[in-house]
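**Student:** I'm passing along my_file25.pdb; it holds PDB, N, CA and C atoms and all ligand atoms.
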ATOM      1  N   MET A   1    -108.943   9.744-136.363
ATOM      2  CA  MET A   1    -108.956  11.207-136.421
ATOM      3  C   MET A   1    -110.281  11.713-136.959
ATOM      4  N   GLU A   2    -110.673  12.811-136.403
ATOM      5  CA  GLU A   2    -111.924  13.446-136.814
ATOM      6  C   GLU A   2    -111.675  14.216-138.116
ATOM      7  N   ASN A   3    -112.581  14.086-139.047
ATOM      8  CA  ASN A   3    -112.451  14.835-140.297
ATOM      9  C   ASN A   3    -112.903  16.267-140.080
ATOM     10  N   ARG A   4    -112.017  17.184-140.400
ATOM     11  CA  ARG A   4    -112.379  18.592-140.258
ATOM     12  C   ARG A   4    -112.855  19.114-141.605
ATOM     13  N   LYS A   5    -114.080  19.549-141.650
ATOM     14  CA  LYS A   5    -114.604  20.151-142.864
ATOM     15  C   LYS A   5    -114.217  21.614-142.882
ATOM     16  N   MET A   6    -114.267  22.199-144.065
ATOM     17  CA  MET A   6    -114.030  23.627-144.141
ATOM     18  C   MET A   6    -115.153  24.339-143.397
ATOM     19  N   VAL A   7    -114.759  25.242-142.519
ATOM     20  CA  VAL A   7    -115.746  25.917-141.690
ATOM     21  C   VAL A   7    -115.967  27.335-142.217
ATOM     22  N   PRO A   8    -117.181  27.667-142.591
ATOM     23  CA  PRO A   8    -117.436  29.027-143.070
ATOM     24  C   PRO A   8    -117.558  30.034-141.921
ATOM     25  N   CYS A   9    -117.218  31.278-142.208
ATOM     26  CA  CYS A   9    -117.368  32.363-141.235
ATOM     27  C   CYS A   9    -118.841  32.492-140.868
ATOM     28  N   ASN A  10    -119.075  32.686-139.573
ATOM     29  CA  ASN A  10    -120.480  32.784-139.154
ATOM     30  C   ASN A  10    -121.097  34.154-139.463
ATOM     31  N   LYS A  11    -120.274  35.083-139.965
ATOM     32  CA  LYS A  11    -120.824  36.386-140.351
ATOM     33  C   LYS A  11    -121.011  36.509-141.856
ATOM     34  N   CYS A  12    -119.930  36.207-142.621
ATOM     35  CA  CYS A  12    -120.002  36.459-144.060
ATOM     36  C   CYS A  12    -120.012  35.181-144.887
ATOM     37  N   GLY A  13    -119.736  34.036-144.265
ATOM     38  CA  GLY A  13    -119.753  32.776-144.987
ATOM     39  C   GLY A  13    -118.480  32.448-145.739
ATOM     40  N   HIS A  14    -117.481  33.335-145.693
ATOM     41  CA  HIS A  14    -116.180  33.090-146.338
ATOM     42  C   HIS A  14    -115.488  31.941-145.610
ATOM     43  N   LYS A  15    -114.614  31.228-146.329
ATOM     44  CA  LYS A  15    -113.878  30.155-145.660
ATOM     45  C   LYS A  15    -112.964  30.729-144.586
ATOM     46  N   THR A  16    -112.711  29.934-143.521
ATOM     47  CA  THR A  16    -111.896  30.410-142.414
ATOM     48  C   THR A  16    -110.621  29.599-142.289
ATOM     49  N   VAL A  17    -109.637  30.199-141.672
ATOM     50  CA  VAL A  17    -108.352  29.555-141.408
ATOM     51  C   VAL A  17    -108.405  28.941-140.018
ATOM     52  N   LEU A  18    -108.027  27.664-139.912
ATOM     53  CA  LEU A  18    -107.899  27.034-138.604
ATOM     54  C   LEU A  18    -106.523  27.379-138.052
ATOM     55  N   ALA A  19    -106.467  27.934-136.860
ATOM     56  CA  ALA A  19    -105.191  28.317-136.257
ATOM     57  C   ALA A  19    -105.192  27.921-134.795
ATOM     58  N   ILE A  20    -104.010  27.549-134.298
ATOM     59  CA  ILE A  20    -103.872  27.137-132.905
ATOM     60  C   ILE A  20    -102.872  28.064-132.219
ATOM     61  N   GLY A  21    -103.225  28.531-131.035
ATOM     62  CA  GLY A  21    -102.317  29.369-130.257
ATOM     63  C   GLY A  21    -101.986  28.688-128.943
ATOM     64  N   TYR A  22    -100.773  28.923-128.447
ATOM     65  CA  TYR A  22    -100.347  28.306-127.199
ATOM     66  C   TYR A  22    -100.063  29.373-126.154
ATOM     67  N   LEU A  23    -100.509  29.095-124.968
ATOM     68  CA  LEU A  23    -100.253  29.972-123.828
ATOM     69  C   LEU A  23     -99.568  29.132-122.771
ATOM     70  N   SER A  24     -98.538  29.650-122.149
ATOM     71  CA  SER A  24     -97.916  28.882-121.077
ATOM     72  C   SER A  24     -97.763  29.696-119.807
ATOM     73  N   GLU A  25     -98.053  30.983-119.874
ATOM     74  CA  GLU A  25     -97.947  31.824-118.688
ATOM     75  C   GLU A  25     -99.222  32.632-118.561
ATOM     76  N   LEU A  26     -99.862  32.489-117.432
ATOM     77  CA  LEU A  26    -101.105  33.214-117.209
ATOM     78  C   LEU A  26    -100.967  34.053-115.949
ATOM     79  N   SER A  27    -101.442  35.264-116.025
ATOM     80  CA  SER A  27    -101.304  36.187-114.900
ATOM     81  C   SER A  27    -102.604  36.256-114.118
ATOM     82  N   PRO A  28    -102.512  36.023-112.806
ATOM     83  CA  PRO A  28    -103.707  36.176-111.987
ATOM     84  C   PRO A  28    -104.237  37.602-112.071
ATOM     85  N   ASP A  29    -105.512  37.736-112.061
ATOM     86  CA  ASP A  29    -106.177  39.027-112.127
ATOM     87  C   ASP A  29    -105.903  39.839-110.867
ATOM     88  N   GLN A  30    -106.150  41.121-110.944
ATOM     89  CA  GLN A  30    -106.039  41.986-109.766
ATOM     90  C   GLN A  30    -107.031  41.573-108.689
ATOM     91  N   GLU A  31    -108.131  40.966-109.148
ATOM     92  CA  GLU A  31    -109.174  40.503-108.228
ATOM     93  C   GLU A  31    -109.280  38.991-108.416
ATOM     94  N   PRO A  32    -108.300  38.257-107.867
ATOM     95  CA  PRO A  32    -108.157  36.848-108.250
ATOM     96  C   PRO A  32    -109.267  35.910-107.774
ATOM     97  N   TYR A  33    -109.842  36.216-106.637
ATOM     98  CA  TYR A  33    -110.811  35.264-106.081
ATOM     99  C   TYR A  33    -112.250  35.723-106.241
ATOM    100  N   GLN A  34    -112.426  37.004-105.991
ATOM    101  CA  GLN A  34    -113.774  37.539-105.952
ATOM    102  C   GLN A  34    -113.757  38.868-106.676
ATOM    103  N   SER A  35    -114.738  39.143-107.507
ATOM    104  CA  SER A  35    -114.727  40.435-108.174
ATOM    105  C   SER A  35    -114.975  41.522-107.141
ATOM    106  N   ASP A  36    -114.342  42.648-107.388
ATOM    107  CA  ASP A  36    -114.387  43.820-106.488
ATOM    108  C   ASP A  36    -113.571  43.648-105.205
ATOM    109  N   VAL A  37    -112.858  42.526-105.060
ATOM    110  CA  VAL A  37    -112.005  42.357-103.879
ATOM    111  C   VAL A  37    -110.567  42.143-104.351
ATOM    112  N   VAL A  38    -109.727  43.155-104.135
ATOM    113  CA  VAL A  38    -108.320  43.048-104.508
ATOM    114  C   VAL A  38    -107.592  42.389-103.348
ATOM    115  N   GLU A  39    -107.027  41.218-103.597
ATOM    116  CA  GLU A  39    -106.277  40.551-102.537
ATOM    117  C   GLU A  39    -105.143  39.745-103.167
ATOM    118  N   PRO A  40    -104.055  39.572-102.441
ATOM    119  CA  PRO A  40    -102.944  38.827-103.020
ATOM    120  C   PRO A  40    -103.238  37.333-103.072
ATOM    121  N   CYS A  41    -102.671  36.645-104.088
ATOM    122  CA  CYS A  41    -102.757  35.182-104.093
ATOM    123  C   CYS A  41    -101.325  34.673-104.067
ATOM    124  N   ASP A  42    -100.766  34.600-102.889
ATOM    125  CA  ASP A  42     -99.355  34.274-102.686
ATOM    126  C   ASP A  42     -98.988  32.865-103.122
ATOM    127  N   SER A  43     -99.941  31.955-103.073
ATOM    128  CA  SER A  43     -99.615  30.557-103.364
ATOM    129  C   SER A  43     -99.183  30.335-104.807
ATOM    130  N   VAL A  44     -99.690  31.125-105.756
ATOM    131  CA  VAL A  44     -99.311  30.920-107.156
ATOM    132  C   VAL A  44     -98.292  31.937-107.666
ATOM    133  N   GLY A  45     -98.043  32.991-106.884
ATOM    134  CA  GLY A  45     -97.102  34.006-107.328
ATOM    135  C   GLY A  45     -97.700  34.882-108.412
ATOM    136  N   GLU A  46     -96.802  35.526-109.183
ATOM    137  CA  GLU A  46     -97.277  36.478-110.183
ATOM    138  C   GLU A  46     -97.711  35.808-111.468
ATOM    139  N   THR A  47     -97.278  34.566-111.657
ATOM    140  CA  THR A  47     -97.576  33.885-112.908
ATOM    141  C   THR A  47     -97.975  32.442-112.652
ATOM    142  N   ILE A  48     -98.982  31.992-113.367
ATOM    143  CA  ILE A  48     -99.363  30.580-113.320
ATOM    144  C   ILE A  48     -98.807  29.941-114.595
ATOM    145  N   TYR A  49     -97.961  28.912-114.422
ATOM    146  CA  TYR A  49     -97.390  28.238-115.577
ATOM    147  C   TYR A  49     -98.219  27.009-115.913
ATOM    148  N   GLU A  50     -99.090  27.170-116.864
ATOM    149  CA  GLU A  50     -99.938  26.069-117.304
ATOM    150  C   GLU A  50    -100.014  26.161-118.816
ATOM    151  N   GLU A  51    -100.008  24.997-119.481
ATOM    152  CA  GLU A  51    -100.106  25.036-120.932
ATOM    153  C   GLU A  51    -101.558  24.982-121.365
ATOM    154  N   VAL A  52    -101.919  25.963-122.126
ATOM    155  CA  VAL A  52    -103.278  26.053-122.653
ATOM    156  C   VAL A  52    -103.153  26.264-124.146
ATOM    157  N   SER A  53    -103.864  25.463-124.930
ATOM    158  CA  SER A  53    -103.874  25.767-126.357
ATOM    159  C   SER A  53    -105.296  26.071-126.798
ATOM    160  N   VAL A  54    -105.368  27.068-127.631
ATOM    161  CA  VAL A  54    -106.641  27.624-128.061
ATOM    162  C   VAL A  54    -106.735  27.501-129.572
ATOM    163  N   GLY A  55    -107.865  27.052-130.045
ATOM    164  CA  GLY A  55    -108.094  26.973-131.484
ATOM    165  C   GLY A  55    -109.023  28.083-131.929
ATOM    166  N   ILE A  56    -108.740  28.594-133.120
ATOM    167  CA  ILE A  56    -109.651  29.598-133.682
ATOM    168  C   ILE A  56    -109.953  29.290-135.136
ATOM    169  N   HIS A  57    -111.073  29.748-135.587
ATOM    170  CA  HIS A  57    -111.336  29.862-137.011
ATOM    171  C   HIS A  57    -111.297  31.355-137.317
ATOM    172  N   TYR A  58    -110.369  31.727-138.185
ATOM    173  CA  TYR A  58    -110.150  33.147-138.488
ATOM    174  C   TYR A  58    -110.635  33.443-139.890
ATOM    175  N   CYS A  59    -111.476  34.440-139.995
ATOM    176  CA  CYS A  59    -112.007  34.819-141.310
ATOM    177  C   CYS A  59    -111.089  35.827-141.974
ATOM    178  N   GLU A  60    -110.612  35.467-143.180
ATOM    179  CA  GLU A  60    -109.725  36.370-143.926
ATOM    180  C   GLU A  60    -110.492  37.592-144.426
ATOM    181  N   GLN A  61    -111.737  37.379-144.702
ATOM    182  CA  GLN A  61    -112.570  38.453-145.249
ATOM    183  C   GLN A  61    -112.878  39.511-144.180
ATOM    184  N   CYS A  62    -113.348  39.076-143.024
ATOM    185  CA  CYS A  62    -113.692  40.009-141.938
ATOM    186  C   CYS A  62    -112.465  40.430-141.146
ATOM    187  N   GLN A  63    -111.385  39.653-141.265
ATOM    188  CA  GLN A  63    -110.188  39.833-140.438
ATOM    189  C   GLN A  63    -110.545  39.800-138.960
ATOM    190  N   LYS A  64    -111.372  38.819-138.635
ATOM    191  CA  LYS A  64    -111.797  38.636-137.252
ATOM    192  C   LYS A  64    -111.882  37.145-136.940
ATOM    193  N   ILE A  65    -111.867  36.838-135.649
ATOM    194  CA  ILE A  65    -112.069  35.471-135.206
ATOM    195  C   ILE A  65    -113.548  35.144-135.342
ATOM    196  N   SER A  66    -113.799  34.063-136.055
ATOM    197  CA  SER A  66    -115.188  33.662-136.272
ATOM    198  C   SER A  66    -115.661  32.746-135.151
ATOM    199  N   ASP A  67    -114.690  32.041-134.550
ATOM    200  CA  ASP A  67    -115.027  30.927-133.679
ATOM    201  C   ASP A  67    -113.788  30.632-132.820
ATOM    202  N   ILE A  68    -113.959  30.364-131.549
ATOM    203  CA  ILE A  68    -112.807  30.103-130.678
ATOM    204  C   ILE A  68    -113.173  29.039-129.659
ATOM    205  N   TRP A  69    -112.219  28.189-129.338
ATOM    206  CA  TRP A  69    -112.455  27.119-128.366
ATOM    207  C   TRP A  69    -111.131  26.718-127.726
ATOM    208  N   ILE A  70    -111.197  26.014-126.616
ATOM    209  CA  ILE A  70    -110.003  25.515-125.937
ATOM    210  C   ILE A  70    -109.682  24.126-126.483
ATOM    211  N   GLU A  71    -108.470  23.966-127.028
ATOM    212  CA  GLU A  71    -108.033  22.657-127.526
ATOM    213  C   GLU A  71    -107.604  21.772-126.362
ATOM    214  N   SER A  72    -106.817  22.332-125.468
ATOM    215  CA  SER A  72    -106.391  21.595-124.294
ATOM    216  C   SER A  72    -106.073  22.554-123.171
ATOM    217  N   PRO A  73    -106.194  22.243-121.905
ATOM    218  CA  PRO A  73    -106.660  20.937-121.432
ATOM    219  C   PRO A  73    -108.131  20.713-121.760
ATOM    220  N   GLN A  74    -108.452  19.444-122.022
ATOM    221  CA  GLN A  74    -109.814  19.127-122.411
ATOM    222  C   GLN A  74    -110.673  18.921-121.175
ATOM    223  N   ILE A  75    -111.132  20.027-120.673
ATOM    224  CA  ILE A  75    -111.913  20.033-119.437
ATOM    225  C   ILE A  75    -113.239  19.292-119.612
ATOM    226  N   ASN A  76    -113.758  19.344-120.825
ATOM    227  CA  ASN A  76    -115.040  18.677-121.085
ATOM    228  C   ASN A  76    -114.995  17.181-120.806
ATOM    229  N   GLU A  77    -113.849  16.554-121.125
ATOM    230  CA  GLU A  77    -113.718  15.114-120.887
ATOM    231  C   GLU A  77    -113.852  14.781-119.402
ATOM    232  N   GLU A  78    -113.206  15.620-118.591
ATOM    233  CA  GLU A  78    -113.295  15.412-117.155
ATOM    234  C   GLU A  78    -114.723  15.583-116.659
ATOM    235  N   LEU A  79    -115.395  16.553-117.231
ATOM    236  CA  LEU A  79    -116.777  16.792-116.835
ATOM    237  C   LEU A  79    -117.658  15.591-117.153
ATOM    238  N   GLU A  80    -117.388  14.980-118.313
ATOM    239  CA  GLU A  80    -118.193  13.814-118.689
ATOM    240  C   GLU A  80    -118.040  12.672-117.685
ATOM    241  N   GLU A  81    -116.791  12.486-117.217
ATOM    242  CA  GLU A  81    -116.542  11.412-116.260
ATOM    243  C   GLU A  81    -117.308  11.600-114.950
ATOM    244  N   THR A  82    -117.407  12.860-114.537
ATOM    245  CA  THR A  82    -118.058  13.130-113.258
ATOM    246  C   THR A  82    -119.518  13.569-113.440
ATOM    247  N   GLU A  83    -120.018  13.293-114.632
ATOM    248  CA  GLU A  83    -121.402  13.677-114.904
ATOM    249  C   GLU A  83    -122.335  12.996-113.898
ATOM    250  N   PRO A  84    -123.181  13.794-113.278
ATOM    251  CA  PRO A  84    -124.050  13.185-112.263
ATOM    252  C   PRO A  84    -125.019  12.173-112.887
ATOM    253  N   GLN A  85    -125.161  11.090-112.207
ATOM    254  CA  GLN A  85    -126.080  10.050-112.676
ATOM    255  C   GLN A  85    -127.504  10.493-112.370
ATOM    256  N   PRO A  86    -128.430  10.106-113.245
ATOM    257  CA  PRO A  86    -129.819  10.455-112.930
ATOM    258  C   PRO A  86    -130.254   9.831-111.613
ATOM    259  N   ILE A  87    -130.940  10.601-110.852
ATOM    260  CA  ILE A  87    -131.354  10.136-109.530
ATOM    261  C   ILE A  87    -132.496   9.120-109.680
ATOM    262  N   THR A  88    -132.235   7.950-109.178
ATOM    263  CA  THR A  88    -133.298   6.942-109.228
ATOM    264  C   THR A  88    -133.886   6.810-107.828
ATOM    265  N   LYS A  89    -135.168   6.808-107.809
ATOM    266  CA  LYS A  89    -135.824   6.724-106.496
ATOM    267  C   LYS A  89    -135.921   5.268-106.059
ATOM    268  N   GLU A  90    -135.221   4.984-104.986
ATOM    269  CA  GLU A  90    -135.276   3.621-104.448
ATOM    270  C   GLU A  90    -135.738   3.688-103.009
ATOM    271  N   GLY A  91    -136.458   2.701-102.625
ATOM    272  CA  GLY A  91    -136.897   2.637-101.229
ATOM    273  C   GLY A  91    -135.716   2.414-100.308
ATOM    274  N   THR A  92    -135.701   3.039 -99.178
ATOM    275  CA  THR A  92    -134.585   2.872 -98.245
ATOM    276  C   THR A  92    -134.967   1.897 -97.134
TER
HETATM  277 ZN    ZN B   1    -116.224  36.646-142.354
END
Starting from the file, give its structure as structure tokens.
**Tutor:**
Amino acid sequence: MENRKMVPCNKCGHKTVLAIGYLSELSPDQEPYQSDVVEPCDSVGETIYEEVSVGIHYCEQCQKISDIWIESPQINEELEETEPQPITKEGT
């Protein structure tokens, strides 16, 4: 396990509260595919059921979110796997 240090607020430096929120229902936007183009997305319906958890550092002093990130799904891990390899020039 990773050791979590106390994280100070990036505005006032006060200690922050680590909090996790869960989302399981997401609503497609009015412009789901392209901005400025309102079109239906029939394949997913009115709601997308996907579990997303979000982490925040909340400052008690400012009463604001100091820091926010996605806990899961961990999209970054997938990106690392498909990270493009440096192009090596080889004779063909
Ligand atoms: Zn603060």
**Student:** Which one of A:Ala19, A:Leu26, A:Cys62, A:Val7 sits closest to Ile48 (chain A) if you count all atoms listed in the file?
**Tutor:**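 Looking only at the distances to Ile48 (chain A), the closest residue turns out to be A:Leu26.
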**Student:** Produce as a list in words the set of residues near ligand ZN 1 (chain B), where near means within 6 Å with only C-alpha atoms and all ligand atoms considered.
**Tutor:** Cys9, Lys11, Cys12, Gly13, His14, Cys59, Gln61 and Cys62 of chain A
**Student:** Which residues match the PyMOL selection byres (((chain A and resi 17 and name CA) around 12) and not hetatm and name CA) in the file above, as a PyMOL selection string?
**Tutor:** chain A and resi 4-9+14-16+18-20+55-68
**Student:** Please report, as a PyMOL selection string, each residue of chain A to which DSSP assigns helix (DSSP H, G or I) when run on this structure's backbone.
**Tutor:** chain A and resi 75-81
**Student:** Print the selection's residues with N, CA and C atoms to a file, as a short mmCIF file (atom, residue, chain, number, x, y, z; two decimals), in the coordinates of the input.
**Tutor:**
data_model
loop_
_atom_site.label_atom_id
_atom_site.label_comp_id
_atom_site.auth_asym_id
_atom_site.auth_seq_id
_atom_site.Cartn_x
_atom_site.Cartn_y
_atom_site.Cartn_z
N ILE A 75 -111.13 20.03 -120.67
CA ILE A 75 -111.91 20.03 -119.44
C ILE A 75 -113.24 19.29 -119.61
N ASN A 76 -113.76 19.34 -120.82
CA ASN A 76 -115.04 18.68 -121.08
C ASN A 76 -115.00 17.18 -120.81
N GLU A 77 -113.85 16.55 -121.12
CA GLU A 77 -113.72 15.11 -120.89
C GLU A 77 -113.85 14.78 -119.40
N GLU A 78 -113.21 15.62 -118.59
CA GLU A 78 -113.30 15.41 -117.16
C GLU A 78 -114.72 15.58 -116.66
N LEU A 79 -115.40 16.55 -117.23
CA LEU A 79 -116.78 16.79 -116.84
C LEU A 79 -117.66 15.59 -117.15
N GLU A 80 -117.39 14.98 -118.31
CA GLU A 80 -118.19 13.81 -118.69
C GLU A 80 -118.04 12.67 -117.68
N GLU A 81 -116.79 12.49 -117.22
CA GLU A 81 -116.54 11.41 -116.26
C GLU A 81 -117.31 11.60 -114.95
#
**Student:** Could you list, as a VMD selection string, every residue matched by the PyMOL selection byres (((chain A and resi 70 and name CA) around 10) and not hetatm and name CA) in this structure?
**Tutor:** chain A and resid 20 to 21 52 to 56 68 to 69 71 to 76
**Student:** May I ask for the distance between CA of Ser35 (chain A) and CA of Tyr49 (chain A), given in Å to one decimal place?
**Tutor:**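 Going from CA of Ser35 (chain A) over to CA of Tyr49 (chain A), I get 22.5 Å.
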**Student:** Determine which residues of region 21-79 of chain A DSSP labels as strand (DSSP E or B) from the backbone of this structure, then write them out as a list in words.
**Tutor:** Gly21, Tyr22, Leu23, Ser24, Glu25, Leu26, Gln34, Val37, Ile48, Tyr49, Glu50, Glu51, Val52, Ser53, Val54, Gly55, Ile56, His57, Tyr58, Cys59, Lys64, Ile65, Ser66, Asp67, Ile68, Trp69, Ile70, Glu71 and Ser72 of chain A
**Student:** Looking at all atoms listed in the file, which of A:Tyr22, A:Tyr33, A:Pro28, A:Pro86 is the one that sits closest to Gly45 (chain A)?
**Tutor:**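 The shortest atom-to-atom distance to Gly45 (chain A) comes from A:Pro28.
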